[in-house]
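Below is run-v4.txt, which holds compact mmCIF, C-alpha atoms.
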# COMPACT_ATOMS: atom_id res chain seq x y z
CA MET A 1 0.00 0.00 0.00
CA PRO A 2 1.50 3.34 -1.01
CA SER A 3 2.20 6.14 1.42
CA SER A 4 -0.30 8.42 -0.28
CA ALA A 5 -3.48 7.57 -2.14
CA ASP A 6 -3.32 10.96 -3.89
CA THR A 7 -0.41 10.04 -6.17
CA THR A 8 -1.57 6.63 -7.35
CA ILE A 9 -4.40 5.33 -9.52
CA PRO A 10 -6.97 3.22 -7.61
CA ILE A 11 -7.80 -0.22 -9.01
CA THR A 12 -11.08 -2.04 -8.42
CA LEU A 13 -10.91 -5.79 -9.06
CA LEU A 14 -14.35 -7.00 -10.16
CA THR A 15 -14.81 -10.72 -9.86
CA GLY A 16 -17.59 -13.27 -9.47
CA PHE A 17 -18.40 -16.76 -10.65
CA LEU A 18 -19.74 -17.62 -14.11
CA GLY A 19 -23.20 -16.15 -14.66
CA SER A 20 -23.08 -13.89 -11.61
CA GLY A 21 -23.86 -10.77 -13.62
CA LYS A 22 -20.51 -8.97 -13.92
CA THR A 23 -21.08 -7.98 -17.55
CA THR A 24 -24.60 -6.72 -16.89
CA LEU A 25 -23.24 -4.71 -13.96
CA LEU A 26 -20.50 -3.11 -16.04
CA ASN A 27 -22.87 -2.33 -18.89
CA GLN A 28 -24.88 -0.02 -16.64
CA LEU A 29 -21.95 1.26 -14.59
CA VAL A 30 -20.17 2.76 -17.62
CA ARG A 31 -23.18 4.96 -18.30
CA GLN A 32 -22.94 6.65 -14.90
CA PRO A 33 -21.05 9.94 -14.37
CA GLY A 34 -19.32 8.23 -11.43
CA MET A 35 -17.45 6.06 -13.94
CA ASP A 36 -16.12 8.98 -15.99
CA ARG A 37 -12.37 8.93 -16.54
CA THR A 38 -12.25 5.18 -15.90
CA LEU A 39 -10.20 2.61 -17.79
CA VAL A 40 -11.91 -0.81 -17.86
CA VAL A 41 -9.81 -3.94 -18.45
CA ILE A 42 -11.91 -7.00 -19.25
CA ASN A 43 -10.69 -10.59 -19.37
CA GLU A 44 -13.22 -12.24 -21.71
CA PHE A 45 -11.65 -15.69 -21.97
CA GLY A 46 -14.33 -18.38 -21.84
CA GLU A 47 -17.22 -15.94 -21.54
CA ILE A 48 -19.54 -14.00 -23.82
CA GLY A 49 -17.80 -10.75 -24.67
CA LEU A 50 -19.03 -7.41 -23.49
CA ASP A 51 -20.83 -5.30 -26.12
CA HIS A 52 -18.06 -2.78 -26.89
CA GLN A 53 -20.54 -0.31 -28.38
CA LEU A 54 -21.75 0.42 -24.87
CA PHE A 55 -18.31 1.79 -24.08
CA SER A 56 -18.03 3.79 -27.28
CA ALA A 57 -21.23 5.54 -26.20
CA SER A 58 -19.38 6.93 -23.19
CA ARG A 59 -16.67 9.38 -24.20
CA GLU A 60 -15.20 9.33 -20.70
CA THR A 61 -14.64 5.57 -20.42
CA GLU A 62 -12.16 3.36 -22.30
CA LEU A 63 -12.03 -0.43 -22.66
CA VAL A 64 -9.17 -2.91 -22.98
CA ALA A 65 -10.00 -6.56 -23.68
CA LEU A 66 -7.57 -9.32 -22.66
CA ASP A 67 -8.97 -12.35 -24.48
CA SER A 68 -6.00 -14.69 -24.92
CA GLY A 69 -6.37 -16.53 -21.63
CA CYS A 70 -7.33 -16.18 -17.98
CA LEU A 71 -5.87 -13.34 -15.92
CA CYS A 72 -5.05 -15.58 -12.98
CA CYS A 73 -2.77 -17.80 -15.06
CA THR A 74 -1.85 -17.37 -18.74
CA VAL A 75 -2.24 -13.64 -19.37
CA ARG A 76 -0.88 -12.04 -16.22
CA GLY A 77 2.00 -10.79 -18.35
CA ASP A 78 -0.51 -9.12 -20.64
CA LEU A 79 -2.06 -7.40 -17.64
CA VAL A 80 1.31 -6.10 -16.45
CA ARG A 81 2.14 -4.73 -19.89
CA THR A 82 -1.30 -3.15 -20.21
CA LEU A 83 -1.02 -1.35 -16.87
CA ARG A 84 2.56 -0.24 -17.50
CA ASP A 85 1.65 1.25 -20.89
CA ALA A 86 -1.79 2.59 -19.99
CA THR A 87 -0.68 5.97 -18.68
CA TRP A 88 0.70 6.99 -22.08
CA ARG A 89 -1.37 4.74 -24.33
CA PHE A 90 -4.63 6.19 -23.00
CA ALA A 91 -3.64 9.83 -23.02
CA ARG A 92 -5.39 12.79 -24.53
CA GLY A 93 -3.50 15.93 -25.40
CA GLY A 94 -0.40 14.42 -23.83
CA GLU A 95 -2.13 13.86 -20.46
CA ARG A 96 -3.46 10.67 -18.93
CA PHE A 97 -7.22 10.75 -19.26
CA PHE A 98 -8.23 8.15 -16.66
CA ASP A 99 -8.22 8.49 -12.87
CA ARG A 100 -9.48 5.02 -11.99
CA LEU A 101 -9.12 1.49 -13.30
CA VAL A 102 -11.55 -1.44 -13.15
CA ILE A 103 -10.37 -4.97 -13.91
CA GLU A 104 -13.06 -7.56 -14.60
CA THR A 105 -11.88 -11.16 -14.33
CA THR A 106 -13.33 -14.29 -15.88
CA GLY A 107 -15.83 -16.22 -13.78
CA LEU A 108 -13.30 -18.98 -13.12
CA ALA A 109 -10.47 -16.70 -11.98
CA ASP A 110 -8.79 -17.10 -8.61
CA PRO A 111 -8.33 -13.51 -7.32
CA ALA A 112 -5.10 -14.27 -5.45
CA PRO A 113 -2.66 -14.49 -8.40
CA ILE A 114 -4.07 -11.28 -9.86
CA LEU A 115 -3.62 -9.50 -6.53
CA HIS A 116 -0.08 -10.89 -6.35
CA THR A 117 0.66 -9.28 -9.71
CA LEU A 118 -0.71 -5.91 -8.62
CA MET A 119 1.24 -6.04 -5.36
CA THR A 120 4.63 -7.32 -6.50
CA ASP A 121 5.43 -5.60 -9.79
CA ALA A 122 7.44 -2.53 -8.80
CA ARG A 123 6.41 -0.33 -11.71
CA ILE A 124 2.73 -1.12 -11.21
CA ALA A 125 3.00 -0.46 -7.47
CA ARG A 126 4.47 2.98 -8.12
CA ALA A 127 1.56 4.01 -10.34
CA TYR A 128 -1.42 2.07 -8.96
CA ARG A 129 -2.96 0.96 -5.69
CA LEU A 130 -5.57 -1.68 -4.94
CA ASP A 131 -8.72 0.10 -3.85
CA GLY A 132 -10.79 -3.03 -3.30
CA VAL A 133 -12.09 -6.39 -4.45
CA VAL A 134 -15.76 -6.42 -5.53
CA THR A 135 -17.41 -9.83 -5.97
CA CYS A 136 -20.74 -10.54 -7.66
CA VAL A 137 -22.71 -13.45 -6.18
CA ASP A 138 -25.79 -14.81 -7.96
CA ALA A 139 -28.65 -14.61 -5.44
CA VAL A 140 -30.38 -17.62 -7.02
CA HIS A 141 -27.45 -19.95 -7.73
CA GLY A 142 -24.91 -18.59 -5.26
CA HIS A 143 -25.28 -21.47 -2.79
CA ALA A 144 -24.70 -24.08 -5.50
CA SER A 145 -21.64 -22.24 -6.82
CA LEU A 146 -20.12 -21.94 -3.35
CA ASP A 147 -20.77 -25.64 -2.69
CA ALA A 148 -19.25 -26.87 -5.95
CA HIS A 149 -16.45 -24.48 -6.90
CA ASP A 150 -13.39 -23.42 -4.94
CA GLU A 151 -13.07 -20.36 -7.19
CA ALA A 152 -16.47 -19.08 -6.12
CA MET A 153 -15.57 -19.59 -2.47
CA LYS A 154 -12.28 -17.70 -2.81
CA GLN A 155 -13.90 -14.88 -4.74
CA ALA A 156 -16.44 -14.34 -1.97
CA ALA A 157 -13.96 -14.82 0.88
CA MET A 158 -11.45 -12.28 -0.44
CA ALA A 159 -13.98 -9.55 -1.28
CA ASP A 160 -14.20 -6.10 0.27
CA LEU A 161 -17.70 -5.69 -1.19
CA LEU A 162 -20.22 -8.42 -2.07
CA LEU A 163 -22.91 -7.64 -4.65
CA LEU A 164 -25.88 -10.02 -4.46
CA THR A 165 -27.05 -9.91 -8.07
CA LYS A 166 -30.37 -11.03 -9.61
CA ALA A 167 -32.02 -10.41 -6.26
CA ASP A 168 -35.37 -9.90 -7.99
CA LEU A 169 -35.31 -13.57 -9.05
CA ALA A 170 -34.63 -14.99 -5.57
CA ASP A 171 -37.26 -15.58 -2.91
CA THR A 172 -36.87 -13.98 0.50
CA ALA A 173 -35.76 -17.17 2.27
CA THR A 174 -33.07 -17.97 -0.32
CA LEU A 175 -31.70 -14.45 -0.21
CA ALA A 176 -31.63 -14.40 3.60
CA LYS A 177 -29.84 -17.75 3.72
CA LEU A 178 -27.22 -16.56 1.22
CA ARG A 179 -26.66 -13.35 3.17
CA ALA A 180 -26.09 -15.33 6.36
CA ARG A 181 -23.70 -17.70 4.65
CA LEU A 182 -21.67 -14.92 3.08
CA GLY A 183 -21.62 -13.11 6.41
CA ALA A 184 -20.12 -16.15 8.11
CA LEU A 185 -17.64 -16.63 5.29
CA ASN A 186 -16.54 -12.99 5.08
CA HIS A 187 -17.89 -10.92 7.94
CA GLY A 188 -15.85 -7.86 6.98
CA ALA A 189 -17.35 -7.39 3.52
CA ARG A 190 -20.33 -5.11 3.01
CA GLN A 191 -23.27 -6.71 1.17
CA ILE A 192 -25.41 -4.84 -1.37
CA THR A 193 -28.47 -6.31 -3.06
CA VAL A 194 -28.49 -5.63 -6.81
CA THR A 195 -31.51 -5.81 -9.15
CA HIS A 196 -31.12 -5.79 -12.94
CA GLY A 197 -27.44 -4.97 -12.51
CA HIS A 198 -28.14 -1.50 -11.14
CA VAL A 199 -25.90 -0.17 -8.39
CA ASP A 200 -24.46 3.27 -7.79
CA ALA A 201 -20.89 3.51 -9.06
CA GLY A 202 -19.87 5.26 -5.86
CA ALA A 203 -20.55 2.09 -3.89
CA LEU A 204 -17.65 0.37 -5.66
CA THR A 205 -15.05 3.03 -4.91
CA ASP A 206 -13.01 4.10 -1.88
CA LEU A 207 -13.05 0.61 -0.37
CA GLY A 208 -9.41 0.84 0.68
CA ILE A 209 -7.58 3.10 3.13
CA ASP A 210 -6.30 6.59 2.42
CA PRO A 211 -3.33 6.98 4.79
CA GLN A 212 -3.78 10.74 4.91
CA SER A 213 -7.43 10.87 5.88
CA ALA A 214 -8.43 7.58 7.50
CA HIS A 215 -10.97 7.82 10.33
CA GLY A 216 -12.17 5.26 12.83
CA ALA A 217 -15.13 4.31 10.65
CA ASP A 218 -12.82 3.79 7.67
CA ILE A 219 -10.58 1.45 9.61
CA GLU A 220 -13.49 -0.52 11.04
CA ARG A 221 -15.07 -0.82 7.61
CA TRP A 222 -11.79 -1.99 6.07
CA LEU A 223 -11.01 -4.50 8.79
CA GLY A 224 -14.62 -5.53 9.39
CA SER A 225 -16.33 -6.06 12.75
CA THR A 226 -16.80 -9.22 14.76
CA PRO A 227 -20.08 -10.53 16.19
CA THR A 228 -20.24 -11.25 19.90
CA VAL A 229 -20.29 -14.98 20.69
CA LYS A 230 -19.60 -17.09 23.78
CA THR A 231 -16.58 -19.32 24.09
CA PRO A 232 -17.36 -22.89 25.17
CA GLN A 233 -14.55 -22.86 27.74
CA THR A 234 -15.67 -19.91 29.87
CA GLY A 235 -18.98 -18.67 28.51
CA ALA A 236 -17.53 -15.16 28.48
CA ALA A 237 -18.24 -12.86 25.56
CA THR A 238 -14.90 -12.58 23.73
CA GLY A 239 -16.05 -11.92 20.18
CA LEU A 240 -15.72 -8.14 20.31
CA ARG A 241 -16.64 -5.45 17.87
CA LEU A 242 -13.48 -3.64 16.82
CA GLY A 243 -13.04 -0.61 19.01
CA ALA A 244 -14.52 -2.19 22.13
CA ALA A 245 -12.54 -2.62 25.36
CA VAL A 246 -10.54 -5.80 25.80
CA LYS A 247 -9.96 -7.22 29.24
CA THR A 248 -8.37 -10.56 28.38
CA PRO A 249 -4.59 -10.98 27.93
CA ALA A 250 -3.16 -10.25 24.49
CA PRO A 251 -3.65 -11.66 22.00
CA THR A 252 -7.42 -11.58 22.45
CA LEU A 253 -9.21 -14.25 20.47
CA ALA A 254 -12.30 -12.89 18.76
CA PRO A 255 -14.11 -15.82 17.16
CA THR A 256 -16.05 -15.06 14.01
CA SER A 257 -17.89 -18.37 13.64
CA VAL A 258 -21.04 -18.94 15.62
CA ALA A 259 -21.78 -22.10 17.58
CA ASN A 260 -24.12 -24.55 15.82
CA ASP A 261 -23.40 -22.86 12.48
CA PRO A 262 -25.55 -24.69 9.90
CA ASN A 263 -23.06 -24.01 7.11
CA ARG A 264 -20.62 -26.71 8.09
CA HIS A 265 -19.34 -27.02 4.52
CA ASP A 266 -17.86 -23.52 4.90
CA ASP A 267 -15.54 -24.59 7.70
CA ARG A 268 -12.52 -24.77 5.39
CA VAL A 269 -12.69 -21.01 4.69
CA ARG A 270 -13.02 -18.79 7.74
CA ALA A 271 -12.42 -15.24 8.93
CA HIS A 272 -10.61 -14.73 12.27
CA CYS A 273 -9.97 -11.55 14.24
CA PHE A 274 -7.27 -10.99 16.87
CA THR A 275 -6.48 -7.93 18.99
CA PHE A 276 -3.40 -6.97 21.03
CA ASP A 277 -3.55 -4.65 24.02
CA THR A 278 0.19 -3.89 24.10
CA PRO A 279 2.41 -2.44 21.34
CA ILE A 280 4.24 -4.90 19.08
CA ASP A 281 8.01 -4.86 18.62
CA ALA A 282 8.99 -4.08 15.01
CA ASP A 283 11.61 -6.85 14.86
CA ARG A 284 9.15 -9.40 16.21
CA LEU A 285 6.63 -8.33 13.62
CA GLU A 286 9.13 -8.83 10.79
CA VAL A 287 10.05 -12.30 12.04
CA TRP A 288 6.39 -13.15 12.48
CA LEU A 289 5.56 -12.10 8.92
CA GLN A 290 8.33 -14.34 7.58
CA LEU A 291 7.12 -17.23 9.73
CA MET A 292 3.53 -16.74 8.63
CA VAL A 293 4.53 -16.77 4.96
CA SER A 294 6.61 -19.93 5.31
CA LEU A 295 4.02 -21.88 7.30
CA MET A 296 0.71 -20.76 5.84
CA GLY A 297 1.45 -19.95 2.20
CA GLU A 298 -1.54 -20.22 -0.11
CA ARG A 299 -3.85 -21.22 2.74
CA MET A 300 -3.67 -17.64 4.00
CA LEU A 301 -6.12 -16.09 1.56
CA ARG A 302 -5.94 -12.56 2.90
CA ILE A 303 -4.69 -10.63 5.93
CA LYS A 304 -5.34 -7.05 7.03
CA GLY A 305 -3.98 -5.31 10.08
CA LEU A 306 -3.67 -2.04 11.97
CA ILE A 307 -0.54 -2.32 14.13
CA HIS A 308 0.69 -0.34 17.13
CA ILE A 309 4.47 -0.56 16.82
CA THR A 310 6.50 -0.08 19.98
CA GLY A 311 7.84 3.48 20.24
CA GLU A 312 5.79 4.77 17.31
CA ALA A 313 3.11 7.41 17.66
CA ARG A 314 1.49 6.52 14.34
CA PRO A 315 -0.19 3.20 13.50
CA ALA A 316 1.10 0.92 10.75
CA VAL A 317 -1.09 -0.83 8.19
CA ILE A 318 -0.27 -4.26 6.78
CA HIS A 319 -2.02 -6.06 3.94
CA GLY A 320 -1.20 -9.48 2.51
CA VAL A 321 -2.54 -12.03 0.04
CA GLN A 322 -1.37 -15.61 0.54
CA HIS A 323 2.45 -15.51 0.64
CA ILE A 324 2.77 -11.90 -0.56
CA PHE A 325 2.77 -8.91 1.81
CA HIS A 326 2.51 -5.30 0.71
CA PRO A 327 5.18 -2.98 2.13
CA MET A 328 4.06 -1.55 5.45
CA THR A 329 2.22 1.79 5.31
CA TRP A 330 1.95 4.38 8.07
CA LEU A 331 -1.19 6.37 8.79
CA ASP A 332 -0.62 10.01 9.65
CA ALA A 333 -2.40 9.51 12.98
CA TRP A 334 -4.55 7.04 14.89
CA PRO A 335 -8.09 7.23 13.52
CA ASP A 336 -9.68 7.16 17.00
CA GLU A 337 -8.84 6.65 20.68
CA ASP A 338 -8.40 2.88 20.33
CA ARG A 339 -4.67 2.06 20.31
CA ARG A 340 -4.92 -1.71 20.08
CA SER A 341 -3.37 -3.66 17.23
CA ARG A 342 -5.98 -5.48 15.17
CA LEU A 343 -5.40 -8.36 12.77
CA VAL A 344 -8.01 -9.97 10.52
CA PHE A 345 -7.31 -13.20 8.65
CA ILE A 346 -9.29 -14.98 5.94
CA THR A 347 -7.96 -18.52 5.81
CA ARG A 348 -8.50 -21.87 4.19
CA ASP A 349 -7.84 -25.06 6.17
CA ILE A 350 -6.01 -23.22 8.97
CA PRO A 351 -7.32 -23.96 12.49
CA ARG A 352 -7.73 -20.93 14.71
CA GLU A 353 -5.46 -22.57 17.26
CA SER A 354 -2.60 -22.58 14.72
CA LEU A 355 -2.95 -18.86 14.18
CA ALA A 356 -3.11 -18.20 17.91
CA GLY A 357 0.09 -20.19 18.47
CA ILE A 358 2.03 -18.18 15.91
CA LEU A 359 0.53 -14.90 17.05
CA ALA A 360 1.69 -15.55 20.60
CA ALA A 361 5.19 -14.69 19.42
CA LEU A 362 4.01 -11.10 18.93
CA ASP A 363 2.91 -10.69 22.54
CA THR A 364 5.62 -8.47 24.02
CA THR A 365 4.35 -9.20 27.52
CA ALA A 366 5.26 -12.88 27.18

What is this file in structure tokens?
Amino acid sequence: MPSSADTTIPITLLTGFLGSGKTTLLNQLVRQPGMDRTLVVINEFGEIGLDHQLFSASRETELVALDSGCLCCTVRGDLVRTLRDATWRFARGGERFFDRLVIETTGLADPAPILHTLMTDARIARAYRLDGVVTCVDAVHGHASLDAHDEAMKQAAMADLLLLTKADLADTATLAKLRARLGALNHGARQITVTHGHVDAGALTDLGIDPQSAHGADIERWLGSTPTVKTPQTGAATGLRLGAAVKTPAPTLAPTSVANDPNRHDDRVRAHCFTFDTPIDADRLEVWLQLMVSLMGERMLRIKGLIHITGEARPAVIHGVQHIFHPMTWLDAWPDEDRRSRLVFITRDIPRESLAGILAALDTTA
């Protein structure tokens, strides 16, 4: 994550399983003033192509089609070249015309390799920043897709925003069940119900963190909040909403799964939240990050954190996808009075106890 959001171009990664309505969504988004000065990169491999005339009707939006393979595997090089060249290729009067970029993946794309590309290529990182991952989920067939396809599960788990599309075709019970399931899978992602592909373009932007202007609500939205549940060992409420007081020793375990959860098939992919009352030593944090990468690898789908580093007045922000971590960013100031470190993990096949064991190394009171 760059030190300033003002000098980089925000990228929205739009994903969602086959038939989830991404193309319909984009068709109406490009007509909105909120999408002016936007470059749209579409990976059409294996899907019906977007009607390019819709884009030609908007003088303030441009389209690039990557149709020689899937972004998450064969054409990542094409994506890198496109982004590197875009600032001069899509210029008008010698000046870059676009202020935002939207990348639409194929329905079968795993978001992680694409995020790796955006995070690790130095020239891309200097010009762009990831603003957020937006995932379309079919309100009618979403359950079946999540049950049958790992790609659909990862797309939903790694999202910052979940769009429940075709909501007008789903009955109330089906929609409520899907909302609950997605909430258990990814409690930090906002959910918006979409009918006929219509959603305000502003809802898809500013999903990330601006280091210069982040407030408490921004941090809580980015990290997500945790429902209060009771632990079977003590019966005490330890699942705390971020920003609440913590009385248990660091690290505080904040379970995100609810007892007697009916969605047992979701157990492989889970969100976990941990908080630390005391500041974390910078050297310990570096060692911990290396240990986490070596032990967890691809099973660590995503990690976000606001960290109180020992001796530092400002908080640090960390963001990782699988075995790749973005360089640490510093906020100009704490967004509120809460000075605890907060870490949120979205994992696959990683028991909470394993995370807690590794995180114990960060407890400077130990």

Next item on the list: Have a look at CA of Ala144 (chain A) and CA of Leu13 (chain A) and let me know their distance in Å, one decimal.
Entry: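 The value is 23.2 Å.
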
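With distances taken over all atoms listed in the file, A:Ala282 is the one residue among A:Leu355, A:Thr347, A:Gly297, A:Ala282 lying closest to Met328 (chain A).
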
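Comparing A:Leu175, A:Ile219, A:Ala157, A:Ala180 by their smallest distance to Leu301 (chain A), the closest is A:Ala157 (using only C-alpha atoms).
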
Check: Mind listing as a ChimeraX atom specification all residues within 12 Å of (-36.7, -12.1, -4.5), counting all atoms listed in the file?
Finding: /A:138-140,164-176,178,193-196

Notebook entry, point to check: A:Pro327, A:Gly357, A:Gly142, A:Gly197: which is nearest Thr120 (chain A), counting only C-alpha atoms?
Noted result: A:Pro327

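Residues lying within 10 Å of Leu162 (chain A), counting all atoms listed in the file and ignoring same-chain neighbours fewer than 2 positions away, are Thr15, Gly16, Val133, Val134, Thr135, Cys136, Val137, Gln155, Ala156, Ala157, Met158, Ala159, Asp160, Leu164, Thr165, Arg179, Leu182, Gly183, Asn186, Ala189, Arg190, Gln191, Ile192, Thr193, Val194 and Leu204 of chain A.
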
Note to self: Could you list, as a list in words, every residue within 7 Å of Gly320 (chain A), counting only C-alpha atoms and ignoring same-chain residues fewer than 3 positions away?
What the structure shows: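 Residues near the query, excluding close chain neighbours: Arg302, Ile303, Lys304, Ile324, Phe325 and His326 of chain A.
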
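Distances to Met292 (chain A) were evaluated for A:Leu362, A:Ala148, A:Leu25, A:Ile11 using all atoms listed in the file, and the minimum falls at A:Leu362.
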
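CA of Thr24 (chain A) lies 13.7 Å from CA of Thr105 (chain A).
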
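Proximity of A:Asp78, A:Glu298, A:Asp283, A:Asp336 to Thr310 (chain A), computed with only C-alpha atoms, is greatest for A:Asp283.
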
Next item on the list: Figure out the distance between CA of Ser294 (chain A) and CA of Gly311 (chain A), please, to one decimal in Å.
Entry: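 A separation of 27.8 Å between them.
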